[in-house]
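Q: What follows is the file run_38.csv, containing CSV, C-alpha atoms:
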chain,number,residue,atom,x,y,z
A,1,MET,CA,-5.9,-22.3,4.7
A,2,PRO,CA,-7.3,-18.7,4.6
A,3,GLN,CA,-5.9,-16.2,7.0
A,4,THR,CA,-9.1,-14.1,7.1
A,5,ASN,CA,-12.5,-15.4,8.0
A,6,ARG,CA,-15.3,-13.5,6.2
A,7,GLN,CA,-18.7,-13.5,7.9
A,8,VAL,CA,-22.3,-12.3,7.6
A,9,ARG,CA,-23.9,-10.8,10.7
A,10,LEU,CA,-27.4,-9.7,11.4
A,11,ALA,CA,-27.5,-5.9,11.5
A,12,ALA,CA,-31.3,-5.3,12.0
A,13,ARG,CA,-34.5,-7.3,12.4
A,14,PRO,CA,-36.3,-7.3,9.1
A,15,LEU,CA,-39.9,-6.1,8.5
A,16,GLY,CA,-41.2,-8.2,5.6
A,17,LEU,CA,-38.5,-9.6,3.2
A,18,PRO,CA,-35.0,-9.1,4.5
A,19,ARG,CA,-33.2,-6.2,2.8
A,20,PRO,CA,-29.5,-5.5,2.2
A,21,THR,CA,-29.4,-3.1,5.2
A,22,ASP,CA,-30.4,-6.0,7.5
A,23,TRP,CA,-26.9,-7.5,7.0
A,24,GLU,CA,-23.4,-6.6,7.9
A,25,PHE,CA,-20.3,-8.1,6.2
A,26,THR,CA,-17.3,-8.5,8.5
A,27,SER,CA,-14.0,-10.2,8.6
A,28,GLU,CA,-11.6,-11.3,11.4
A,29,PRO,CA,-8.3,-13.2,11.6
A,30,VAL,CA,-8.7,-17.0,11.5
A,31,ARG,CA,-8.3,-18.3,15.1
A,32,MET,CA,-6.4,-21.5,15.7
A,33,PRO,CA,-8.2,-24.1,17.8
A,34,GLY,CA,-7.4,-24.6,21.4
A,35,PRO,CA,-7.3,-27.9,23.3
A,36,GLY,CA,-10.5,-29.9,22.6
A,37,GLU,CA,-11.3,-27.8,19.5
A,38,PHE,CA,-11.0,-28.0,15.8
A,39,LEU,CA,-11.2,-25.6,12.8
A,40,VAL,CA,-13.6,-26.3,10.0
A,41,GLU,CA,-13.3,-24.7,6.5
A,42,VAL,CA,-16.9,-24.4,5.5
A,43,SER,CA,-17.8,-25.7,2.0
A,44,TYR,CA,-21.6,-25.6,1.8
A,45,LEU,CA,-24.3,-23.6,3.7
A,46,SER,CA,-27.8,-24.9,4.2
A,47,ILE,CA,-30.3,-22.2,3.2
A,48,ASP,CA,-33.6,-22.8,5.1
A,49,PRO,CA,-36.9,-21.1,5.4
A,50,ALA,CA,-36.5,-21.3,9.2
A,51,MET,CA,-33.7,-18.7,9.0
A,52,ARG,CA,-36.3,-16.0,8.5
A,53,GLY,CA,-37.9,-16.9,11.8
A,54,TRP,CA,-34.6,-16.9,13.6
A,55,MET,CA,-34.1,-13.3,12.6
A,56,ASN,CA,-37.2,-12.2,14.6
A,57,ALA,CA,-37.2,-11.2,18.2
A,58,GLY,CA,-39.5,-12.9,20.7
A,59,VAL,CA,-40.3,-16.3,22.1
A,60,SER,CA,-39.8,-19.2,19.7
A,61,TYR,CA,-38.5,-22.8,19.7
A,62,ILE,CA,-34.9,-21.5,19.5
A,63,PRO,CA,-33.4,-18.2,20.7
A,64,PRO,CA,-33.3,-15.5,17.9
A,65,VAL,CA,-30.0,-14.6,16.3
A,66,GLU,CA,-28.8,-11.5,18.2
A,67,ILE,CA,-28.1,-8.2,16.5
A,68,GLY,CA,-24.4,-8.2,15.6
A,69,ALA,CA,-24.1,-12.0,15.7
A,70,VAL,CA,-23.0,-14.2,12.9
A,71,MET,CA,-26.1,-15.5,11.1
A,72,ARG,CA,-27.0,-19.0,12.2
A,73,ALA,CA,-26.7,-21.7,9.5
A,74,GLY,CA,-26.1,-25.4,9.2
A,75,GLY,CA,-23.2,-26.3,7.0
A,76,THR,CA,-20.7,-28.9,5.9
A,77,GLY,CA,-16.9,-28.6,5.6
A,78,ARG,CA,-13.5,-30.2,6.1
A,79,VAL,CA,-11.5,-30.2,9.4
A,80,ALA,CA,-8.4,-28.2,8.6
A,81,VAL,CA,-6.7,-28.1,12.1
A,82,SER,CA,-7.6,-30.3,15.1
A,83,GLU,CA,-6.8,-30.3,18.7
A,84,HIS,CA,-9.7,-32.6,19.4
A,85,PRO,CA,-9.2,-36.4,19.9
A,86,GLY,CA,-12.5,-37.3,18.1
A,87,PHE,CA,-11.9,-35.3,14.9
A,88,ALA,CA,-9.0,-35.6,12.6
A,89,VAL,CA,-7.7,-33.3,9.9
A,90,GLY,CA,-9.4,-34.2,6.6
A,91,ASP,CA,-12.7,-35.3,8.3
A,92,TYR,CA,-15.8,-34.0,6.6
A,93,VAL,CA,-18.4,-32.8,9.1
A,94,TYR,CA,-21.8,-31.2,9.5
A,95,GLY,CA,-22.6,-28.6,12.2
A,96,THR,CA,-24.3,-25.3,12.9
A,97,PHE,CA,-21.2,-23.3,11.7
A,98,GLY,CA,-22.9,-20.1,10.8
A,99,VAL,CA,-22.6,-17.9,7.7
A,100,GLN,CA,-18.8,-17.7,7.6
A,101,GLU,CA,-15.9,-19.2,5.9
A,102,CYS,CA,-14.3,-20.8,8.9
A,103,ALA,CA,-15.6,-22.0,12.3
A,104,ILE,CA,-14.1,-23.2,15.5
A,105,SER,CA,-16.0,-26.1,17.2
A,106,ASP,CA,-15.6,-28.3,20.3
A,107,GLY,CA,-17.5,-31.1,18.6
A,108,ARG,CA,-20.9,-30.7,20.3
A,109,GLY,CA,-23.6,-31.1,17.7
A,110,VAL,CA,-21.2,-31.9,15.0
A,111,LEU,CA,-21.6,-35.1,12.9
A,112,LYS,CA,-19.0,-36.8,10.8
A,113,LEU,CA,-20.0,-37.5,7.2
A,114,ASP,CA,-19.4,-40.6,5.1
A,115,THR,CA,-18.5,-39.0,1.8
A,116,SER,CA,-18.1,-42.5,0.2
A,117,LEU,CA,-21.8,-42.9,0.4
A,118,ALA,CA,-22.9,-39.4,-0.7
A,119,ALA,CA,-21.7,-35.9,-1.5
A,120,GLN,CA,-21.5,-33.2,1.2
A,121,THR,CA,-24.6,-31.6,-0.3
A,122,THR,CA,-26.7,-34.7,0.2
A,123,TYR,CA,-26.0,-34.4,3.9
A,124,LEU,CA,-27.7,-31.0,3.8
A,125,GLY,CA,-30.6,-32.6,1.9
A,126,ALA,CA,-32.1,-36.1,2.2
A,127,LEU,CA,-29.4,-37.4,4.5
A,128,GLY,CA,-29.3,-34.4,6.8
A,129,MET,CA,-31.7,-32.4,8.9
A,130,THR,CA,-34.0,-32.0,5.9
A,131,GLY,CA,-34.4,-35.8,5.7
A,132,LEU,CA,-34.7,-36.2,9.4
A,133,THR,CA,-37.4,-33.6,9.5
A,134,ALA,CA,-39.4,-35.3,6.8
A,135,TYR,CA,-38.9,-38.7,8.4
A,136,PHE,CA,-40.1,-37.9,11.9
A,137,ALA,CA,-42.8,-35.5,10.9
A,138,LEU,CA,-44.4,-38.0,8.5
A,139,LEU,CA,-44.0,-41.2,10.6
A,140,ASP,CA,-44.1,-40.0,14.2
A,141,THR,CA,-46.2,-36.8,14.1
A,142,GLY,CA,-48.4,-37.8,11.2
A,143,LYS,CA,-48.4,-41.5,11.9
A,144,ALA,CA,-48.6,-42.2,8.1
A,145,LYS,CA,-49.4,-45.9,7.3
A,146,GLU,CA,-49.9,-48.1,4.3
A,147,GLY,CA,-53.0,-47.1,2.4
A,148,ASP,CA,-53.2,-43.5,3.7
A,149,THR,CA,-53.8,-40.6,1.3
A,150,VAL,CA,-51.0,-38.2,2.1
A,151,VAL,CA,-51.0,-34.6,0.8
A,152,ILE,CA,-47.8,-32.5,0.9
A,153,SER,CA,-47.5,-28.8,0.3
A,154,GLY,CA,-44.1,-27.4,-0.8
A,155,ALA,CA,-43.8,-30.8,-2.5
A,156,ALA,CA,-40.9,-29.8,-4.7
A,157,GLY,CA,-39.0,-28.2,-1.8
A,158,ALA,CA,-36.4,-29.7,0.5
A,159,VAL,CA,-38.5,-31.3,3.1
A,160,GLY,CA,-41.6,-31.9,1.0
A,161,SER,CA,-39.8,-33.8,-1.7
A,162,VAL,CA,-38.3,-36.2,0.8
A,163,ALA,CA,-41.5,-36.6,2.8
A,164,GLY,CA,-43.4,-37.7,-0.3
A,165,GLN,CA,-40.8,-40.3,-1.2
A,166,ILE,CA,-40.9,-41.7,2.4
A,167,ALA,CA,-44.7,-41.9,2.2
A,168,LYS,CA,-44.5,-43.8,-1.1
A,169,ILE,CA,-41.9,-46.2,0.5
A,170,LYS,CA,-44.4,-46.8,3.3
A,171,GLY,CA,-47.2,-47.6,0.9
A,172,CYS,CA,-49.2,-44.4,0.9
A,173,ARG,CA,-51.0,-42.6,-2.0
A,174,VAL,CA,-49.2,-39.3,-2.2
A,175,ILE,CA,-50.4,-36.0,-3.7
A,176,GLY,CA,-48.1,-33.1,-3.9
A,177,ILE,CA,-48.9,-29.4,-4.1
A,178,ALA,CA,-46.3,-27.3,-5.9
A,179,GLY,CA,-45.9,-24.1,-7.9
A,180,GLY,CA,-45.8,-24.3,-11.7
A,181,ALA,CA,-46.0,-27.1,-14.3
A,182,GLU,CA,-42.3,-27.9,-14.2
A,183,LYS,CA,-42.2,-28.5,-10.4
A,184,CYS,CA,-45.4,-30.6,-10.7
A,185,ARG,CA,-43.7,-32.7,-13.3
A,186,LEU,CA,-40.7,-33.2,-11.1
A,187,VAL,CA,-42.9,-34.1,-8.2
A,188,THR,CA,-44.4,-37.0,-10.1
A,189,GLU,CA,-41.6,-38.0,-12.5
A,190,GLU,CA,-38.5,-37.6,-10.3
A,191,PHE,CA,-39.9,-37.9,-6.7
A,192,GLY,CA,-42.5,-40.5,-7.6
A,193,PHE,CA,-45.7,-38.9,-6.2
A,194,ASP,CA,-48.9,-40.3,-7.5
A,195,ALA,CA,-50.3,-36.8,-8.5
A,196,ALA,CA,-49.5,-33.1,-8.3
A,197,ILE,CA,-51.6,-30.0,-8.1
A,198,ASP,CA,-50.3,-26.6,-9.3
A,199,TYR,CA,-51.4,-24.1,-6.6
A,200,ARG,CA,-50.9,-21.2,-9.0
A,201,LEU,CA,-53.9,-22.4,-11.0
A,202,PRO,CA,-57.5,-21.9,-9.8
A,203,HIS,CA,-59.8,-24.4,-7.9
A,204,LEU,CA,-57.1,-26.2,-5.8
A,205,ARG,CA,-59.8,-27.3,-3.3
A,206,ARG,CA,-62.0,-28.8,-6.0
A,207,LYS,CA,-59.0,-30.6,-7.7
A,208,LEU,CA,-57.9,-32.0,-4.3
A,209,ARG,CA,-61.4,-33.4,-3.7
A,210,GLU,CA,-61.4,-35.0,-7.1
A,211,MET,CA,-58.0,-36.6,-6.4
A,212,ALA,CA,-58.8,-37.6,-2.8
A,213,PRO,CA,-62.6,-38.4,-2.9
A,214,ARG,CA,-62.4,-40.2,0.5
A,215,GLY,CA,-60.5,-37.3,2.1
A,216,VAL,CA,-56.9,-36.6,3.2
A,217,ASP,CA,-55.6,-38.9,5.9
A,218,VAL,CA,-52.3,-37.0,6.5
A,219,TYR,CA,-51.5,-33.4,5.5
A,220,PHE,CA,-47.9,-32.4,5.7
A,221,ASP,CA,-48.0,-28.6,5.7
A,222,ASN,CA,-44.9,-26.6,4.7
A,223,VAL,CA,-46.6,-23.4,3.5
A,224,GLY,CA,-49.6,-22.4,5.7
A,225,GLY,CA,-52.0,-19.7,4.4
A,226,GLU,CA,-54.7,-20.3,1.9
A,227,ILE,CA,-53.4,-23.8,0.9
A,228,LEU,CA,-53.7,-24.9,4.5
A,229,ASP,CA,-57.4,-23.7,4.5
A,230,ASP,CA,-58.1,-25.6,1.3
A,231,VAL,CA,-56.7,-28.9,2.6
A,232,LEU,CA,-58.5,-28.5,6.0
A,233,ALA,CA,-61.7,-28.5,4.0
A,234,CYS,CA,-60.8,-31.9,2.5
A,235,LEU,CA,-59.8,-34.0,5.6
A,236,ALA,CA,-60.9,-37.6,6.2
A,237,ARG,CA,-62.2,-38.6,9.5
A,238,GLY,CA,-59.3,-38.9,12.0
A,239,ALA,CA,-56.9,-37.1,9.8
A,240,ARG,CA,-53.5,-35.9,11.1
A,241,VAL,CA,-52.3,-32.4,10.0
A,242,ILE,CA,-48.5,-31.8,10.5
A,243,ILE,CA,-47.4,-28.2,10.9
A,244,CYS,CA,-43.8,-28.3,9.7
A,245,GLY,CA,-43.5,-24.9,8.2
A,246,ALA,CA,-45.5,-21.9,6.9
A,247,ILE,CA,-43.3,-20.2,4.3
A,248,SER,CA,-46.1,-18.2,2.9
A,249,GLN,CA,-46.4,-16.3,6.2
A,250,TYR,CA,-42.7,-15.8,7.2
A,251,ASN,CA,-42.4,-12.3,5.6
A,252,GLU,CA,-45.9,-11.1,6.4
A,253,THR,CA,-46.3,-8.3,8.8
A,254,GLU,CA,-49.7,-9.6,9.8
A,255,VAL,CA,-49.6,-13.4,10.0
A,256,ARG,CA,-52.8,-15.1,8.8
A,257,GLY,CA,-54.1,-18.1,10.8
A,258,PRO,CA,-56.3,-20.9,9.5
A,259,ALA,CA,-59.8,-19.9,8.8
A,260,ASN,CA,-61.1,-23.4,8.4
A,261,TYR,CA,-59.8,-24.8,11.7
A,262,MET,CA,-63.3,-26.0,12.7
A,263,MET,CA,-62.9,-28.7,10.1
A,264,LEU,CA,-60.6,-30.4,12.6
A,265,LEU,CA,-63.7,-30.8,14.8
A,266,VAL,CA,-65.9,-32.0,11.9
A,267,ALA,CA,-63.3,-34.6,10.9
A,268,ARG,CA,-62.2,-35.5,14.4
A,269,ALA,CA,-58.8,-34.6,13.2
A,270,SER,CA,-55.6,-33.4,14.9
A,271,MET,CA,-53.2,-30.6,14.0
A,272,THR,CA,-49.7,-30.9,15.6
A,273,GLY,CA,-46.6,-28.9,15.4
A,274,MET,CA,-43.3,-30.7,14.7
A,275,LEU,CA,-39.7,-29.8,15.5
A,276,VAL,CA,-36.9,-32.2,14.5
A,277,PHE,CA,-34.7,-31.2,17.5
A,278,ASP,CA,-37.2,-33.2,19.7
A,279,TYR,CA,-35.9,-36.4,18.1
A,280,ALA,CA,-32.2,-35.9,18.6
A,281,ASP,CA,-31.7,-39.1,20.5
A,282,ARG,CA,-33.2,-41.0,17.6
A,283,TYR,CA,-31.2,-39.4,14.8
A,284,PRO,CA,-29.0,-42.5,14.3
A,285,GLU,CA,-31.9,-44.9,13.7
A,286,ALA,CA,-33.5,-42.5,11.2
A,287,MET,CA,-30.2,-41.8,9.5
A,288,ALA,CA,-29.5,-45.5,9.1
A,289,GLU,CA,-32.9,-46.0,7.4
A,290,LEU,CA,-32.6,-43.0,5.2
A,291,ALA,CA,-29.1,-44.0,4.1
A,292,GLY,CA,-30.4,-47.5,3.3
A,293,TRP,CA,-33.1,-46.2,1.1
A,294,TYR,CA,-30.6,-43.8,-0.6
A,295,ARG,CA,-28.1,-46.6,-1.1
A,296,ALA,CA,-30.8,-48.8,-2.7
A,297,GLY,CA,-31.9,-46.0,-5.0
A,298,ARG,CA,-35.3,-45.6,-3.4
A,299,LEU,CA,-34.7,-42.1,-2.1
A,300,VAL,CA,-33.6,-39.2,-4.4
A,301,SER,CA,-31.9,-36.2,-3.0
A,302,ARG,CA,-32.2,-33.1,-5.2
A,303,GLU,CA,-30.2,-30.0,-4.4
A,304,THR,CA,-30.1,-26.5,-6.0
A,305,VAL,CA,-26.5,-25.4,-5.4
A,306,ILE,CA,-25.6,-21.8,-5.9
A,307,PRO,CA,-21.9,-21.1,-6.2
A,308,GLY,CA,-20.7,-17.9,-4.5
A,309,THR,CA,-19.3,-16.4,-1.4
A,310,VAL,CA,-20.7,-15.5,2.0
A,311,GLU,CA,-21.5,-12.1,0.6
A,312,ASP,CA,-24.0,-13.9,-1.7
A,313,PHE,CA,-26.0,-15.2,1.3
A,314,PRO,CA,-28.6,-12.5,1.5
A,315,GLU,CA,-29.6,-12.8,-2.2
A,316,THR,CA,-29.5,-16.6,-2.0
A,317,LEU,CA,-31.8,-16.6,1.0
A,318,LEU,CA,-34.4,-14.6,-0.9
A,319,LYS,CA,-34.6,-17.3,-3.6
A,320,LEU,CA,-36.5,-19.4,-1.1
A,321,PHE,CA,-39.4,-17.0,-1.1
A,322,ASP,CA,-39.8,-16.7,-4.8
A,323,GLY,CA,-39.7,-20.4,-5.5
A,324,ALA,CA,-36.4,-20.4,-7.3
A,325,ASN,CA,-35.2,-23.7,-5.9
A,326,THR,CA,-36.1,-27.3,-6.3
A,327,GLY,CA,-35.2,-29.6,-3.4
A,328,LYS,CA,-32.6,-28.3,-1.0
A,329,LEU,CA,-31.2,-24.8,-1.5
A,330,ILE,CA,-27.5,-24.6,-0.8
A,331,LEU,CA,-24.8,-21.9,-1.0
A,332,GLU,CA,-21.4,-23.3,-2.1
A,333,LEU,CA,-18.5,-21.2,-0.8
Write the structure described by the file as structure tokens, please.
A:
Amino acid sequence: MPQTNRQVRLAARPLGLPRPTDWEFTSEPVRMPGPGEFLVEVSYLSIDPAMRGWMNAGVSYIPPVEIGAVMRAGGTGRVAVSEHPGFAVGDYVYGTFGVQECAISDGRGVLKLDTSLAAQTTYLGALGMTGLTAYFALLDTGKAKEGDTVVISGAAGAVGSVAGQIAKIKGCRVIGIAGGAEKCRLVTEEFGFDAAIDYRLPHLRRKLREMAPRGVDVYFDNVGGEILDDVLACLARGARVIICGAISQYNETEVRGPANYMMLLVARASMTGMLVFDYADRYPEAMAELAGWYRAGRLVSRETVIPGTVEDFPETLLKLFDGANTGKLILEL
């Protein structure tokens, strides 16, 4: 077990893309757990677009990371020392452990992992918060049902790739929007979408109308910006638009809202924001269904795992914003 715990702390609130000066690298002695606590050696860190929002001051769905605090991050690891009756040495767990090598926990919000079913990394992808987000956004917020035409932006990303697979399992026709020919190929060949559109090529709106001549019943939005506007112009009557993320806007100094929002009126459609934390009491039922699909080979979890140290976190985070990852982006410590 290490004697020193290396950490990454937020040093300044970024303007635009985070810069090296926005981070501080620190270390402190590893603390032993007290009664009712346990020590986790962190193995894998979840790298998420939401992290960029957590770095901003102001009102949001979760308090911002404070200046000088360890950067918030979900992660998995192994219990190394335990004074907690519910967690034993050797247990593999998931929790919001932060960008650091070791974490002390009292067990709140920590989940035990069944590593006989899947690797730790899968519990950051399809069998983790990523999969839960896709599940509840698509089925509860979007109310996707058999026969619907579902369009998903960020389709080769962590949440989008899982959402599209769930839509296929539920009998929907699924069109993915992704960046580049290789990602579009993965969307159809690996994740099983019916079709894919490369947003880097011109005429996205025209192509979408050709692929969905009767309109889009459910739009799962992970990117915002111009792609959101294009899909809003192609909605079917009674469509449901899910606002799950807006990665195209996270580093903008002037955030761009939807210009085509009046299409919601024309199509008698709805646009609803979704946060997975609202469904915490239903995580077990969703996890059971996701695990069943995974075990049966109906759900693929793809991860882009970057080996490194906590010092590699800032550079790894930036990979999200240049499209370097397919599926879930993970930093392996």
Q: Please provide as a VMD selection string all residues within 9 Å of region 267-269 of chain A, with the sequence filter that same-chain residues fewer than 5 positions apart are discarded (counting all atoms listed in the file).
A: chain A and resid 235 to 241 262
Q: For Pro18 (chain A), work out the shell of residues within 8 Å, counting all atoms listed in the file and skipping chain neighbours fewer than 3 positions away, then give it as a list in words.
A: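 The residues satisfying every condition are Pro14, Leu15, Asp22, Pro314 and Leu318 of chain A.
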Q: Please identify all polymer residues within 9 Å of Phe87 (chain A), counting all atoms listed in the file, omitting same-chain residues fewer than 6 positions from it, and present them as a PyMOL selection string.
A: chain A and resi 37-38+79+107+112
Q: Might you pull out every residue within 6 Å of region 121-138 of chain A, with all atoms listed in the file counted and same-chain residues fewer than 4 positions away left off, and present them as a PDB file with C-alpha atoms, keeping the file's coordinate frame?
A:
ATOM      1  CA  GLY A 142     -48.400 -37.800  11.200  1.00  0.00           C
ATOM      2  CA  ALA A 144     -48.600 -42.200   8.100  1.00  0.00           C
ATOM      3  CA  VAL A 159     -38.500 -31.300   3.100  1.00  0.00           C
ATOM      4  CA  ALA A 163     -41.500 -36.600   2.800  1.00  0.00           C
ATOM      5  CA  VAL A 276     -36.900 -32.200  14.500  1.00  0.00           C
ATOM      6  CA  SER A 301     -31.900 -36.200  -3.000  1.00  0.00           C
ATOM      7  CA  LYS A 328     -32.600 -28.300  -1.000  1.00  0.00           C
TER       8      LYS A 328
END
Q: Which of these residues is nearest to Gly95 (chain A), using all atoms listed in the file: A:Ile67, A:Ala80, A:Met211, A:Val40?
A: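 Checking each candidate against Gly95 (chain A), we get A:Val40 as the closest.
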Q: Taking all atoms listed in the file into account, which of A:Glu303, A:Glu226, A:Asp281, A:Glu311 comes nearest Gln249 (chain A)?
A: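 That would be A:Glu226, the residue with the smallest distance to Gln249 (chain A).
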Q: If I take CA of Arg209 (chain A) and CA of Val266 (chain A), how far is one from the other in Å, to one decimal?
A: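 So the two atoms, CA of Arg209 (chain A) and CA of Val266 (chain A), lie 16.3 Å apart.
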Q: Of the candidates A:Val305, A:Ala12, A:Val110, A:Val65, which shows the shortest atom-to-atom distance to Gly86 (chain A), using only C-alpha atoms?
A: A:Val110
Q: Between A:Ala212, A:Val223, A:Val93, A:Val70, which is the closest to Ser105 (chain A) once you count all atoms listed in the file?
A: A:Val93
Q: Env of region 170-187 of chain A: 7 Å cut, atoms = all atoms listed in the file, seq-sep filter 4 positions within chain, self excluded. Answer as a compact mmCIF listing (two decimals) with C-alpha atoms, in the coordinates of the input.
A:
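Okay, part.txt is ready:
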# COMPACT_ATOMS: atom_id res chain seq x y z
CA LYS A 145 -49.40 -45.90 7.30
CA GLU A 146 -49.90 -48.10 4.30
CA GLY A 147 -53.00 -47.10 2.40
CA ASP A 148 -53.20 -43.50 3.70
CA THR A 149 -53.80 -40.60 1.30
CA VAL A 150 -51.00 -38.20 2.10
CA VAL A 151 -51.00 -34.60 0.80
CA ILE A 152 -47.80 -32.50 0.90
CA SER A 153 -47.50 -28.80 0.30
CA GLY A 154 -44.10 -27.40 -0.80
CA ALA A 155 -43.80 -30.80 -2.50
CA ALA A 156 -40.90 -29.80 -4.70
CA GLY A 164 -43.40 -37.70 -0.30
CA ILE A 166 -40.90 -41.70 2.40
CA PHE A 191 -39.90 -37.90 -6.70
CA GLY A 192 -42.50 -40.50 -7.60
CA PHE A 193 -45.70 -38.90 -6.20
CA ASP A 194 -48.90 -40.30 -7.50
CA ALA A 195 -50.30 -36.80 -8.50
CA ALA A 196 -49.50 -33.10 -8.30
CA ILE A 197 -51.60 -30.00 -8.10
CA ASP A 198 -50.30 -26.60 -9.30
CA TYR A 199 -51.40 -24.10 -6.60
CA ARG A 200 -50.90 -21.20 -9.00
Q: Pick the closest to Asp114 (chain A) from A:Asn325, A:Thr76, A:Asn260, A:Gln165: which is it, counting all atoms listed in the file?
A: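 Looking only at the distances to Asp114 (chain A), the closest residue turns out to be A:Thr76.
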Q: Would you compute the distance between CA of Ser27 (chain A) and CA of Glu101 (chain A)? Give it in Å to one decimal.
A: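 Answer for the CA of Ser27 (chain A) to CA of Glu101 (chain A) separation: 9.6 Å.
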Q: Mind giving me the straight-line distance from CA of Gly77 (chain A) to CA of Gln100 (chain A) in Å, one decimal?
A: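 These atoms are spaced 11.2 Å apart.
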